[in-house]
>>> print(open('start_26.txt').read())   # compact mmCIF, C-alpha atoms
# COMPACT_ATOMS: atom_id res chain seq x y z
CA MET A 1 -77.71 70.85 -7.46
CA THR A 2 -75.58 70.44 -4.32
CA ALA A 3 -71.80 70.26 -4.49
CA PHE A 4 -71.87 66.64 -3.32
CA THR A 5 -74.38 65.67 -6.01
CA ALA A 6 -72.22 67.28 -8.66
CA LEU A 7 -69.20 65.34 -7.42
CA LEU A 8 -71.11 62.06 -7.32
CA LEU A 9 -72.50 62.49 -10.81
CA ALA A 10 -69.07 63.47 -12.12
CA PHE A 11 -67.59 60.39 -10.49
CA ILE A 12 -70.21 58.14 -12.10
CA THR A 13 -69.77 59.58 -15.58
CA GLY A 14 -66.04 60.23 -15.43
CA GLY A 15 -66.58 63.87 -16.33
CA ASP A 16 -64.01 66.66 -16.45
CA ALA A 17 -64.96 67.79 -12.93
CA LEU A 18 -63.07 64.81 -11.58
CA GLY A 19 -59.76 66.49 -12.33
CA THR A 20 -60.10 68.63 -9.21
CA ALA A 21 -62.76 66.69 -7.30
CA GLU A 22 -62.35 65.42 -3.77
CA ASN A 23 -62.69 61.78 -2.91
CA LEU A 24 -66.12 60.76 -1.67
CA GLU A 25 -67.16 58.61 1.29
CA ILE A 26 -70.65 57.14 1.64
CA VAL A 27 -71.69 55.16 4.71
CA TYR A 28 -74.74 52.96 5.29
CA SER A 29 -75.89 51.49 8.58
CA GLY A 30 -77.87 48.27 8.30
CA ARG A 31 -79.68 45.60 10.26
CA LEU A 32 -80.97 42.11 9.54
CA THR A 33 -83.94 41.52 11.82
CA PRO A 34 -85.95 38.31 12.34
CA VAL A 35 -89.63 38.90 11.62
CA ALA A 36 -91.37 35.53 11.41
CA VAL A 37 -89.11 32.73 12.63
CA ALA A 38 -89.24 30.00 15.25
CA GLU A 39 -88.80 31.41 18.74
CA GLY A 40 -85.22 31.58 19.95
CA LYS A 41 -83.72 30.54 16.62
CA ALA A 42 -82.51 33.92 15.38
CA THR A 43 -81.03 37.19 16.59
CA GLU A 44 -80.78 40.64 15.07
CA LYS A 45 -77.53 41.53 13.33
CA GLY A 46 -76.07 44.96 12.71
CA PHE A 47 -73.51 46.01 10.10
CA THR A 48 -71.99 49.01 8.35
CA VAL A 49 -71.06 49.45 4.71
CA THR A 50 -68.53 52.15 3.86
CA TRP A 51 -67.99 53.12 0.24
CA PHE A 52 -64.90 55.04 -0.82
CA LEU A 53 -65.06 56.66 -4.23
CA PRO A 54 -61.49 57.62 -5.16
CA ARG A 55 -60.65 60.26 -7.71
CA PRO A 56 -60.23 58.16 -10.76
CA THR A 57 -59.37 56.95 -12.60
CA GLU A 58 -59.50 54.44 -15.19
CA ARG A 59 -62.66 52.97 -13.72
CA PRO A 60 -65.39 55.63 -13.59
CA GLY A 61 -68.41 54.55 -11.58
CA GLU A 62 -66.52 51.93 -9.54
CA GLY A 63 -66.03 52.22 -5.80
CA LEU A 64 -64.21 50.45 -2.98
CA PHE A 65 -66.40 49.09 -0.19
CA VAL A 66 -65.71 47.55 3.20
CA VAL A 67 -68.27 45.80 5.40
CA SER A 68 -68.09 45.74 9.21
CA GLU A 69 -70.32 43.11 10.83
CA ASP A 70 -71.43 42.34 14.37
CA ALA A 71 -71.13 38.57 14.66
CA ALA A 72 -70.62 35.65 12.26
CA ALA A 73 -68.68 37.85 9.86
CA LEU A 74 -67.64 36.57 6.46
CA PRO A 75 -63.96 35.69 5.92
CA TRP A 76 -61.95 38.84 5.36
CA PRO A 77 -61.51 38.40 1.56
CA ALA A 78 -65.30 38.75 1.24
CA ARG A 79 -65.56 41.85 3.44
CA PHE A 80 -64.18 44.27 0.87
CA GLY A 81 -64.15 44.68 -2.86
CA PHE A 82 -64.26 46.94 -5.89
CA SER A 83 -67.66 47.13 -7.48
CA PRO A 84 -69.86 49.25 -9.72
CA LEU A 85 -71.93 51.60 -7.59
CA GLU A 86 -75.00 49.56 -8.52
CA GLY A 87 -73.55 46.58 -6.63
CA GLY A 88 -74.19 43.17 -8.17
CA GLU A 89 -72.14 39.97 -8.04
CA ASP A 90 -69.00 41.82 -6.92
CA GLY A 91 -70.89 44.04 -4.49
CA PRO A 92 -71.06 43.98 -0.69
CA ARG A 93 -72.67 41.20 1.34
CA ILE A 94 -72.90 39.94 4.90
CA GLY A 95 -72.86 36.55 6.55
CA TYR A 96 -75.57 35.20 8.83
CA GLN A 97 -75.77 31.97 10.82
CA PHE A 98 -79.25 30.54 11.13
CA ASP A 99 -80.46 27.06 12.01
CA ASN A 100 -76.85 25.79 12.15
CA ARG A 101 -76.16 26.93 8.61
CA ASP A 102 -74.13 29.74 7.11
CA HIS A 103 -75.96 32.12 4.78
CA ILE A 104 -74.75 34.93 2.55
CA VAL A 105 -76.97 38.00 2.13
CA PRO A 106 -76.23 40.29 -0.86
CA LEU A 107 -76.49 44.01 -0.19
CA PRO A 108 -77.39 46.85 -2.56
CA GLY A 109 -74.86 49.32 -3.88
CA VAL A 110 -74.95 53.12 -3.76
CA ARG A 111 -77.32 53.48 -6.71
CA VAL A 112 -80.11 51.37 -8.17
CA PRO A 113 -79.30 49.69 -11.51
CA PHE A 114 -82.37 51.14 -13.19
CA THR A 115 -81.57 54.82 -12.53
CA GLU A 116 -81.81 55.81 -16.19
CA LYS A 117 -85.31 54.33 -16.48
CA ILE A 118 -86.78 56.37 -13.63
CA THR A 119 -89.82 58.35 -14.74
CA GLU A 120 -92.10 60.72 -12.89
CA ALA A 121 -94.90 58.19 -12.52
CA GLY A 122 -96.03 54.71 -13.34
CA GLU A 123 -94.08 51.47 -13.44
CA PHE A 124 -91.68 49.63 -15.68
CA ILE A 125 -90.09 46.22 -16.09
CA GLU A 126 -86.40 45.70 -15.28
CA GLY A 127 -85.45 42.17 -16.29
CA ARG A 128 -87.75 39.93 -14.24
CA LEU A 129 -88.57 42.69 -11.80
CA THR A 130 -91.52 45.06 -11.72
CA VAL A 131 -90.56 48.53 -10.50
CA LYS A 132 -93.33 50.85 -9.37
CA LEU A 133 -92.90 54.53 -8.52
CA GLU A 134 -94.71 55.57 -5.34
CA GLU A 135 -95.34 58.97 -3.75
CA ASP A 136 -92.23 61.08 -3.01
CA LYS A 137 -91.03 61.48 0.60
CA THR A 138 -88.47 63.55 2.47
CA ILE A 139 -86.11 61.25 4.40
CA ASP A 140 -83.35 62.64 6.60
CA GLY A 141 -83.31 65.85 4.58
CA TYR A 142 -83.20 64.14 1.19
CA GLU A 143 -86.02 64.59 -1.32
CA CYS A 144 -86.58 60.99 -2.33
CA ARG A 145 -88.36 59.02 -4.96
CA ILE A 146 -89.84 55.84 -3.50
CA PHE A 147 -89.83 52.62 -5.46
CA THR A 148 -91.31 49.22 -4.74
CA VAL A 149 -89.59 46.34 -6.50
CA SER A 150 -91.26 42.96 -6.82
CA GLY A 151 -90.39 39.73 -8.57
CA GLY A 152 -91.88 36.36 -7.72
CA PRO A 153 -93.41 35.41 -4.39
CA THR A 154 -90.43 36.46 -2.22
CA ARG A 155 -88.75 39.45 -3.92
CA GLN A 156 -90.24 42.53 -2.24
CA GLU A 157 -88.15 45.68 -1.81
CA THR A 158 -88.78 49.32 -1.00
CA ILE A 159 -86.07 51.75 -2.08
CA ALA A 160 -85.80 55.47 -1.39
CA VAL A 161 -83.58 57.27 -3.92
CA ASP A 162 -82.33 60.86 -3.71
CA ARG A 163 -83.92 62.78 -6.58
CA GLU A 164 -80.80 64.79 -7.39
CA SER A 165 -78.04 62.20 -7.30
CA GLY A 166 -79.83 58.86 -7.65
CA MET A 167 -78.11 57.72 -4.45
CA ILE A 168 -79.95 55.17 -2.29
CA VAL A 169 -81.07 56.78 0.97
CA ARG A 170 -83.01 53.85 2.42
CA PHE A 171 -83.37 50.21 1.40
CA GLU A 172 -85.77 47.64 2.84
CA SER A 173 -86.24 44.06 1.71
CA ASP A 174 -87.60 40.74 2.90
CA VAL A 175 -85.03 37.94 3.17
CA PHE A 176 -85.98 34.28 3.57
CA PHE A 177 -83.95 31.45 5.08
CA GLY A 178 -84.71 27.83 5.83
CA ARG A 179 -88.30 26.85 5.15
CA GLY A 180 -89.73 30.31 4.72
CA ASP A 181 -88.37 31.97 7.87
CA ARG A 182 -88.66 35.70 7.16
CA PHE A 183 -86.16 38.42 8.01
CA ARG A 184 -86.14 42.15 7.29
CA LEU A 185 -83.04 43.72 5.75
CA THR A 186 -82.73 47.50 6.17
CA LEU A 187 -80.02 49.98 5.20
CA ASN A 188 -80.01 53.70 5.93
CA LEU A 189 -77.66 56.33 4.53
CA THR A 190 -75.80 57.85 7.49
CA GLN A 191 -72.99 59.80 5.82
CA ALA A 192 -72.22 61.18 2.38
CA THR A 193 -69.32 63.61 2.35
CA PRO A 194 -66.31 64.71 0.32
CA LEU A 195 -62.96 63.83 1.90
CA VAL A 196 -60.21 66.41 2.15
CA GLU A 197 -57.71 65.77 4.95
CA GLU A 198 -58.33 62.00 4.86
CA SER A 199 -57.93 61.68 1.10
CA THR A 200 -54.27 60.69 1.01
CA SER A 201 -54.62 57.80 3.45
CA ARG A 202 -57.79 56.55 1.76
CA GLU A 203 -56.10 56.59 -1.63
CA LYS A 204 -53.17 54.58 -0.25
CA ILE A 205 -55.60 52.08 1.26
CA ALA A 206 -57.40 51.73 -2.07
CA VAL A 207 -54.10 51.04 -3.85
CA LEU A 208 -53.07 48.41 -1.29
CA LEU A 209 -56.46 46.67 -1.34
CA ARG A 210 -56.43 46.70 -5.13
CA LYS A 211 -53.14 44.81 -4.98
CA LEU A 212 -54.71 42.24 -2.66
CA ALA A 213 -57.80 41.87 -4.83
CA ASP A 214 -55.69 41.38 -7.95
CA ALA A 215 -53.42 38.86 -6.20
CA MET A 216 -56.21 36.66 -4.89
CA GLU A 217 -57.85 33.94 -6.91
CA SER A 218 -61.64 33.63 -7.12
CA THR A 219 -61.56 30.63 -4.78
CA ASP A 220 -59.64 32.68 -2.20
CA ARG A 221 -62.46 35.21 -2.05
CA GLU A 222 -65.37 32.83 -2.17
CA SER A 223 -64.47 29.73 -0.18
CA GLY A 224 -63.36 31.01 3.20
CA LEU A 225 -60.54 28.45 3.01
CA ASP A 226 -56.85 29.21 3.40
CA LEU A 227 -55.29 31.31 0.68
CA SER A 228 -53.16 29.64 -1.93
CA ALA A 229 -49.43 29.81 -1.19
CA GLU A 230 -48.89 32.44 -3.89
CA SER A 231 -51.78 34.59 -2.68
CA LEU A 232 -50.63 34.31 0.94
CA GLU A 233 -47.20 35.67 0.09
CA GLN A 234 -48.71 38.59 -1.82
CA VAL A 235 -50.97 39.41 1.11
CA ALA A 236 -48.07 39.13 3.56
CA LEU A 237 -46.06 41.66 1.55
CA THR A 238 -48.91 44.18 1.72
CA GLN A 239 -50.50 43.69 5.12
CA GLU A 240 -47.94 45.58 7.24
CA SER A 241 -48.34 48.76 5.19
CA LEU A 242 -52.10 48.31 5.17
CA VAL A 243 -52.30 48.04 8.98
CA ALA A 244 -50.27 51.24 9.43
CA THR A 245 -52.19 53.21 6.81
CA ALA A 246 -55.66 52.04 7.85
CA LYS A 247 -55.28 53.00 11.51
CA GLY A 248 -58.14 55.26 12.58
CA THR A 249 -60.14 54.67 9.37
CA PRO A 250 -63.17 52.47 8.58
CA PHE A 251 -60.67 49.98 7.10
CA GLU A 252 -58.76 49.43 10.37
CA ALA A 253 -60.72 46.35 11.49
CA LEU A 254 -60.29 44.76 8.05
CA ALA A 255 -56.53 45.42 8.08
CA GLN A 256 -56.20 43.86 11.52
CA ALA A 257 -58.24 40.83 10.44
CA ILE A 258 -55.92 40.36 7.46
CA SER A 259 -52.85 40.57 9.67
CA ARG A 260 -54.23 37.99 12.11
CA SER A 261 -55.24 35.69 9.27
CA VAL A 262 -51.77 35.75 7.72
CA ALA A 263 -50.16 34.84 11.05
CA GLU A 264 -52.70 32.11 11.76
CA GLN A 265 -52.41 30.57 8.31
CA ARG A 266 -48.63 30.46 8.51
CA THR A 267 -48.83 28.71 11.89
CA ARG A 268 -51.49 26.36 10.54
CA GLY A 269 -49.39 25.68 7.45
CA THR A 270 -46.45 24.60 9.60
CA GLY A 271 -48.71 22.18 11.46
CA ILE A 272 -50.12 20.77 8.23
CA GLU A 273 -46.61 20.26 6.86
CA GLU A 274 -45.64 18.28 9.96
CA LEU A 275 -48.82 16.20 9.75
CA THR A 276 -48.20 15.53 6.05
CA LYS A 277 -44.67 14.29 6.76
CA LYS A 278 -46.06 12.01 9.45
CA VAL A 279 -48.75 10.50 7.20
CA VAL A 280 -47.17 10.26 3.74
CA GLY A 281 -45.08 7.15 3.21
CA GLN A 282 -46.85 5.21 5.94
CA PRO A 283 -49.39 2.40 5.48
CA ALA A 284 -52.94 3.68 5.41
CA PRO A 285 -55.20 2.63 8.28
CA PRO A 286 -57.77 -0.07 7.52
CA LEU A 287 -60.45 1.44 5.29
CA VAL A 288 -63.70 0.47 7.00
CA LEU A 289 -66.23 2.02 4.62
CA ASN A 290 -70.02 2.14 4.80
CA ASP A 291 -72.34 3.54 2.17
CA LEU A 292 -74.86 6.27 2.92
CA ASP A 293 -77.44 3.69 3.99
CA GLY A 294 -75.02 2.17 6.50
CA GLN A 295 -74.17 -0.90 4.45
CA PRO A 296 -70.49 -2.03 4.56
CA ILE A 297 -68.37 -1.92 1.42
CA ASP A 298 -66.22 -4.97 0.68
CA PRO A 299 -62.52 -3.99 1.13
CA ALA A 300 -61.62 -6.39 -1.65
CA ALA A 301 -63.27 -4.00 -4.13
CA ILE A 302 -60.40 -1.52 -3.74
CA LYS A 303 -57.54 -3.91 -3.10
CA ASN A 304 -54.46 -3.34 -5.30
CA LYS A 305 -55.97 -0.15 -6.73
CA VAL A 306 -55.04 3.52 -6.57
CA VAL A 307 -57.53 5.00 -4.14
CA VAL A 308 -58.36 8.72 -3.94
CA LEU A 309 -60.22 9.62 -0.76
CA HIS A 310 -61.89 13.03 -0.86
CA PHE A 311 -62.96 14.06 2.65
CA TRP A 312 -65.58 16.82 2.58
CA ASP A 313 -68.92 17.51 4.25
CA TYR A 314 -70.97 16.65 1.11
CA ASP A 315 -73.89 18.49 2.73
CA ASN A 316 -76.50 19.77 0.30
CA ASP A 317 -77.71 22.26 2.92
CA GLN A 318 -74.25 23.84 3.25
CA LEU A 319 -73.31 24.22 -0.40
CA ALA A 320 -70.79 26.93 -1.19
CA THR A 321 -68.48 27.53 -4.12
CA PRO A 322 -66.22 26.01 -5.28
CA TYR A 323 -68.10 22.92 -4.00
CA GLY A 324 -64.97 21.14 -2.79
CA GLN A 325 -63.83 20.95 -6.43
CA VAL A 326 -65.96 17.81 -6.81
CA GLY A 327 -66.79 18.59 -10.42
CA TYR A 328 -63.12 18.34 -11.38
CA LEU A 329 -62.76 15.24 -9.24
CA ASP A 330 -65.67 13.54 -10.98
CA HIS A 331 -64.01 14.23 -14.33
CA LEU A 332 -60.82 12.60 -13.07
CA HIS A 333 -62.84 9.60 -11.86
CA ARG A 334 -64.40 9.11 -15.28
CA GLN A 335 -61.10 9.56 -17.11
CA ARG A 336 -58.85 7.42 -14.93
CA GLY A 337 -61.13 4.66 -13.68
CA LYS A 338 -60.02 2.39 -16.49
CA LEU A 339 -56.45 2.64 -15.17
CA GLY A 340 -57.45 1.14 -11.84
CA VAL A 341 -58.02 4.45 -10.04
CA ASP A 342 -60.93 4.47 -7.60
CA VAL A 343 -62.25 7.83 -6.41
CA ILE A 344 -64.26 7.69 -3.19
CA GLY A 345 -65.98 10.69 -1.66
CA VAL A 346 -66.06 10.61 2.13
CA ALA A 347 -68.97 12.60 3.58
CA VAL A 348 -67.75 13.75 7.00
CA ASN A 349 -70.70 14.51 9.24
CA PRO A 350 -71.04 13.84 12.99
CA ARG A 351 -74.75 13.13 12.41
CA PHE A 352 -73.79 9.76 10.94
CA ALA A 353 -72.91 8.65 14.50
CA ASP A 354 -76.46 9.39 15.71
CA GLU A 355 -79.07 6.83 14.70
CA THR A 356 -81.80 9.47 14.91
CA GLN A 357 -80.00 11.78 12.47
CA ARG A 358 -78.17 9.32 10.23
CA ALA A 359 -80.94 9.05 7.65
CA THR A 360 -81.32 12.83 7.43
CA ALA A 361 -77.59 13.26 6.89
CA GLY A 362 -77.65 10.57 4.21
CA ARG A 363 -80.53 12.24 2.37
CA SER A 364 -78.71 15.58 2.32
CA THR A 365 -75.62 13.94 0.83
CA LYS A 366 -77.70 12.09 -1.75
CA LYS A 367 -79.31 15.39 -2.79
CA LEU A 368 -75.87 16.88 -3.34
CA ILE A 369 -74.75 13.87 -5.37
CA SER A 370 -77.82 14.28 -7.56
CA PHE A 371 -77.41 18.06 -7.84
CA MET A 372 -73.75 17.77 -8.84
CA ASN A 373 -74.34 14.68 -11.03
CA LEU A 374 -71.49 12.84 -9.32
CA THR A 375 -70.63 9.41 -10.69
CA TYR A 376 -68.10 8.31 -8.07
CA PRO A 377 -69.29 6.62 -4.85
CA VAL A 378 -69.67 8.59 -1.62
CA VAL A 379 -69.41 6.88 1.77
CA ALA A 380 -70.41 8.03 5.24
CA ASP A 381 -67.94 8.96 7.97
CA ASP A 382 -68.81 10.32 11.40
CA GLY A 383 -65.20 11.48 11.68
CA THR A 384 -63.67 8.16 12.71
CA LEU A 385 -61.86 7.46 9.43
CA LEU A 386 -60.72 11.07 9.09
CA ARG A 387 -59.20 11.01 12.57
CA ALA A 388 -57.49 7.68 11.84
CA ILE A 389 -55.75 9.16 8.80
CA GLY A 390 -55.11 12.61 10.31
CA ASP A 391 -57.74 15.33 10.72
CA PRO A 392 -56.46 18.73 9.51
CA ARG A 393 -59.35 20.42 11.32
CA SER A 394 -57.53 19.77 14.58
CA LEU A 395 -55.04 22.39 13.36
CA GLY A 396 -57.73 24.89 12.36
CA ALA A 397 -57.83 23.93 8.68
CA ARG A 398 -61.06 23.24 6.82
CA LEU A 399 -62.05 20.44 4.50
CA PRO A 400 -61.64 19.21 1.79
CA LEU A 401 -58.79 16.80 2.44
CA TRP A 402 -57.36 14.67 -0.37
CA VAL A 403 -55.63 11.39 0.43
CA VAL A 404 -54.13 9.18 -2.28
CA ILE A 405 -53.27 5.58 -1.38
CA GLY A 406 -51.10 3.55 -3.72
CA PRO A 407 -51.74 -0.05 -4.79
CA ASP A 408 -49.34 -1.09 -2.03
CA GLY A 409 -51.60 0.44 0.62
CA VAL A 410 -49.17 3.28 1.41
CA VAL A 411 -50.34 6.92 1.63
CA ARG A 412 -48.73 8.84 -1.23
CA THR A 413 -50.57 12.19 -1.01
CA TYR A 414 -52.03 14.14 1.90
CA LYS A 415 -53.39 17.48 0.64
CA SER A 416 -55.39 19.83 2.86
CA GLY A 417 -57.55 22.45 1.16
CA LEU A 418 -58.15 23.18 -2.49
CA TYR A 419 -55.86 22.47 -5.39
CA GLU A 420 -54.62 25.43 -7.41
CA LEU A 421 -56.34 25.31 -10.77
CA LYS A 422 -55.68 26.81 -14.16
CA ALA A 423 -58.16 27.09 -16.98
CA ASN A 424 -58.69 23.85 -18.92
CA GLU A 425 -56.18 21.94 -16.77
CA GLY A 426 -58.43 20.66 -13.99
CA LEU A 427 -56.79 18.75 -11.15
CA LYS A 428 -53.50 18.52 -13.04
CA GLU A 429 -51.30 17.80 -9.99
CA LEU A 430 -53.61 15.09 -8.63
CA ASP A 431 -54.06 13.57 -12.07
CA ALA A 432 -50.30 13.27 -12.57
CA THR A 433 -49.97 11.54 -9.20
CA VAL A 434 -52.63 8.90 -9.84
CA VAL A 435 -51.43 8.20 -13.36
CA GLU A 436 -47.90 7.50 -12.11
CA LEU A 437 -49.22 5.26 -9.33
CA ALA A 438 -51.43 3.42 -11.84
CA LYS A 439 -48.33 2.61 -13.88
CA THR A 440 -46.76 0.90 -10.88
CA ARG A 441 -49.96 -1.06 -10.39
CA LYS A 442 -49.80 -2.37 -13.94
CA ASN A 443 -46.19 -3.41 -13.47
CA ASP A 444 -47.16 -5.36 -10.35
CA ASP A 445 -49.88 -7.35 -12.10
>>> encode(input="start_26.txt", output="structure tokens")
Amino acid sequence: MTAFTALLLAFITGGDALGTAENLEIVYSGRLTPVAVAEGKATEKGFTVTWFLPRPTERPGEGLFVVSEDAAALPWPARFGFSPLEGGEDGPRIGYQFDNRDHIVPLPGVRVPFTEKITEAGEFIEGRLTVKLEEDKTIDGYECRIFTVSGGPTRQETIAVDRESGMIVRFESDVFFGRGDRFRLTLNLTQATPLVEESTSREKIAVLLRKLADAMESTDRESGLDLSAESLEQVALTQESLVATAKGTPFEALAQAISRSVAEQRTRGTGIEELTKKVVGQPAPPLVLNDLDGQPIDPAAIKNKVVVLHFWDYDNDQLATPYGQVGYLDHLHRQRGKLGVDVIGVAVNPRFADETQRATAGRSTKKLISFMNLTYPVVADDGTLLRAIGDPRSLGARLPLWVVIGPDGVVRTYKSGLYELKANEGLKELDATVVELAKTRKNDD
């Protein structure tokens, strides 16, 4: 058994050898290559995954990873993480833009999740997957077991695993986007070494990134939207030290991206505050609303009511968590409708302005409504209504946008981004606002 293998196995099991063990660094080089797609629609993408296995630790078998991508990179909160070496939901991933849509591609970890079931021959079942052991091969100096993993019509993987350590040496898999467009995902082990001189800086980086990971909410990591105010301040307190410590390491690009993001969000936040002050307290523009089939909605239907406008793309083909928080909004609609509160989703899509694409855009929105079981109405907007109220995207922000209009026709709330949520409380801040406004409506009747 090599010294590195002994260290890796000790790290995984949390054995006594870890008391004096070096930190470990494992690096994979990968590519996502179009194989069978429409001509000119796709390009090859390269990326690197660096795993740092710090001397533990209270978390044996967990590593820190950072992903460096060519183009169309994921937002920085999704480029790093702490994960079991088998990967999984918290493991590394890359972003890929194809056919005008953003896709997320999960990546494997350092080890396969079925390591303990490996036998000298034959095949076995792992969940819904069939794992078959093929003939051994030597790859880049590693004596490897070769596995093919299949599950369903599209899950086809070939994995080369080092016999001694169980570490993945090569990974190949088919990936499908769109209507069956096929890509090939490959990862190759390029470095697996103990760290000596670099250990101190890597350990500091791991501590700082752990603070960031603990400070961020799940929506911060998943949505690509601006951080919550509390998370932003936590990141700001850490980022300067992170930039200095990460210089000259595989984490340098991530640290710089975090620093830029903090500065940009603060500038954007100032702009949003100014826009909010300009909008709130002023009469709302005329609400010219059309349903998804292009039919006008009678303005009298919402007269003297509390109106919640939820501007979002409502595009079934671009679904990403937390889905604009529409599930919580639908609950509010069902709970507060009897008080005279009307929730209206506004599907913002430039395709609604094009007669040749309007029907397609409408169908996508209708699919989302069905998928999410939404009970409130959703109207079409090519961007005209959003611009009339005040488009936060002009300042670099992303939808959703929440606008609450009182019974008197005056804008009472202008909220860009997601609401901060706590378990079992839902959209507590928005709910309190509409309930208070509904009371004034009753008094006016």
>>> closest_atom_pairs(input="start_26.txt", of="region 95-182 of chain A", to="region 25-30 of chain A", cutoff="10 Å", atoms="all atoms listed in the file", output="CSV")
residue,atom,partner,partner_atom,distance
A:Leu107,CA,A:Gly30,CA,9.6
A:Gly109,CA,A:Tyr28,CA,9.9
A:Val110,CA,A:Ile26,CA,8.0
A:Met167,CA,A:Ile26,CA,9.6
A:Ile168,CA,A:Tyr28,CA,9.5
A:Val169,CA,A:Tyr28,CA,8.6
A:Arg170,CA,A:Tyr28,CA,8.8
A:Phe171,CA,A:Gly30,CA,9.0
A:Glu172,CA,A:Gly30,CA,9.6
>>> closest_atom_pairs(input="start_26.txt", of="region 324-346 of chain A", to="region 376-400 of chain A", cutoff="9 Å", atoms="all atoms listed in the file", output="CSV")
residue,atom,partner,partner_atom,distance
A:Gly324,CA,A:Pro400,CA,6.0
A:Gln325,CA,A:Pro400,CA,8.7
A:Leu329,CA,A:Tyr376,CA,8.8
A:Asp330,CA,A:Tyr376,CA,6.5
A:His333,CA,A:Tyr376,CA,6.6
A:Arg334,CA,A:Tyr376,CA,8.1
A:Asp342,CA,A:Tyr376,CA,8.1
A:Val343,CA,A:Tyr376,CA,6.1
A:Ile344,CA,A:Pro377,CA,5.4
A:Gly345,CA,A:Val378,CA,4.2
A:Val346,CA,A:Val379,CA,5.0
>>> residues_around(input="start_26.txt", residues="Ala236 (chain A)", least_positions_apart="4", cutoff="8 Å", atoms="only C-alpha atoms", output="list in words")
Leu232, Glu240, Ser259 and Val262 of chain A
>>> write_last_selection(input="start_26.txt", atoms="C-alpha atoms", output="PDB file, keeping the file's coordinate frame")
ATOM      1  CA  LEU A 232     -50.630  34.310   0.940  1.00  0.00           C
ATOM      2  CA  GLU A 240     -47.940  45.580   7.240  1.00  0.00           C
ATOM      3  CA  SER A 259     -52.850  40.570   9.670  1.00  0.00           C
ATOM      4  CA  VAL A 262     -51.770  35.750   7.720  1.00  0.00           C
TER       5      VAL A 262
END
>>> atom_distance(input="start_26.txt", atom1="CA of Leu209 (chain A)", atom2="CA of Ser228 (chain A)")
17.4 Å
>>> atom_distance(input="start_26.txt", atom1="CA of Val105 (chain A)", atom2="CA of His310 (chain A)")
29.3 Å
>>> atom_distance(input="start_26.txt", atom1="CA of Thr238 (chain A)", atom2="CA of Ile258 (chain A)")
9.8 Å
>>> closest_residue(input="start_26.txt", among="A:Val434, A:Val403, A:Lys41, A:Leu32", to="Pro285 (chain A)", atoms="only C-alpha atoms")
A:Val403
>>> closest_residue(input="start_26.txt", among="A:Phe147, A:Tyr314, A:Tyr419, A:Phe352", to="Glu135 (chain A)", atoms="only C-alpha atoms")
A:Phe147
>>> closest_residue(input="start_26.txt", among="A:Val149, A:Val66, A:Leu227, A:Leu133", to="Ile205 (chain A)", atoms="all atoms listed in the file")
A:Val66
>>> closest_residue(input="start_26.txt", among="A:Lys117, A:Arg210, A:Lys428, A:Lys137", to="His331 (chain A)", atoms="only C-alpha atoms")
A:Lys428
>>> closest_residue(input="start_26.txt", among="A:Ala36, A:Ile159, A:Val207, A:Ala253", to="Arg79 (chain A)", atoms="only C-alpha atoms")
A:Ala253
>>> closest_residue(input="start_26.txt", among="A:Leu332, A:Val35, A:Ala78, A:Val348", to="Phe176 (chain A)", atoms="only C-alpha atoms")
A:Val35
>>> residues_around(input="start_26.txt", residues="Arg31 (chain A)", least_positions_apart="2", cutoff="12 Å", atoms="only C-alpha atoms", output="VMD selection string")
chain A and resid 28 to 29 33 to 34 43 to 49 68 to 71 94 to 96 105 107 170 to 175 183 to 188
>>> axis_aligned_box(input="start_26.txt", around="region 374-387 of chain A", padding_each_side="6 Å", output="lines of an AutoDock Vina configuration file")
center_x = -65.3
center_y = 9.7
center_z = 1.0
size_x = 24.3
size_y = 18.2
size_z = 35.4
>>> residues_around(input="start_26.txt", residues="Gln282 (chain A)", least_positions_apart="2", cutoff="12 Å", atoms="all atoms listed in the file", output="VMD selection string")
chain A and resid 275 to 280 284 to 285 389 to 390 404 to 406 408 to 414
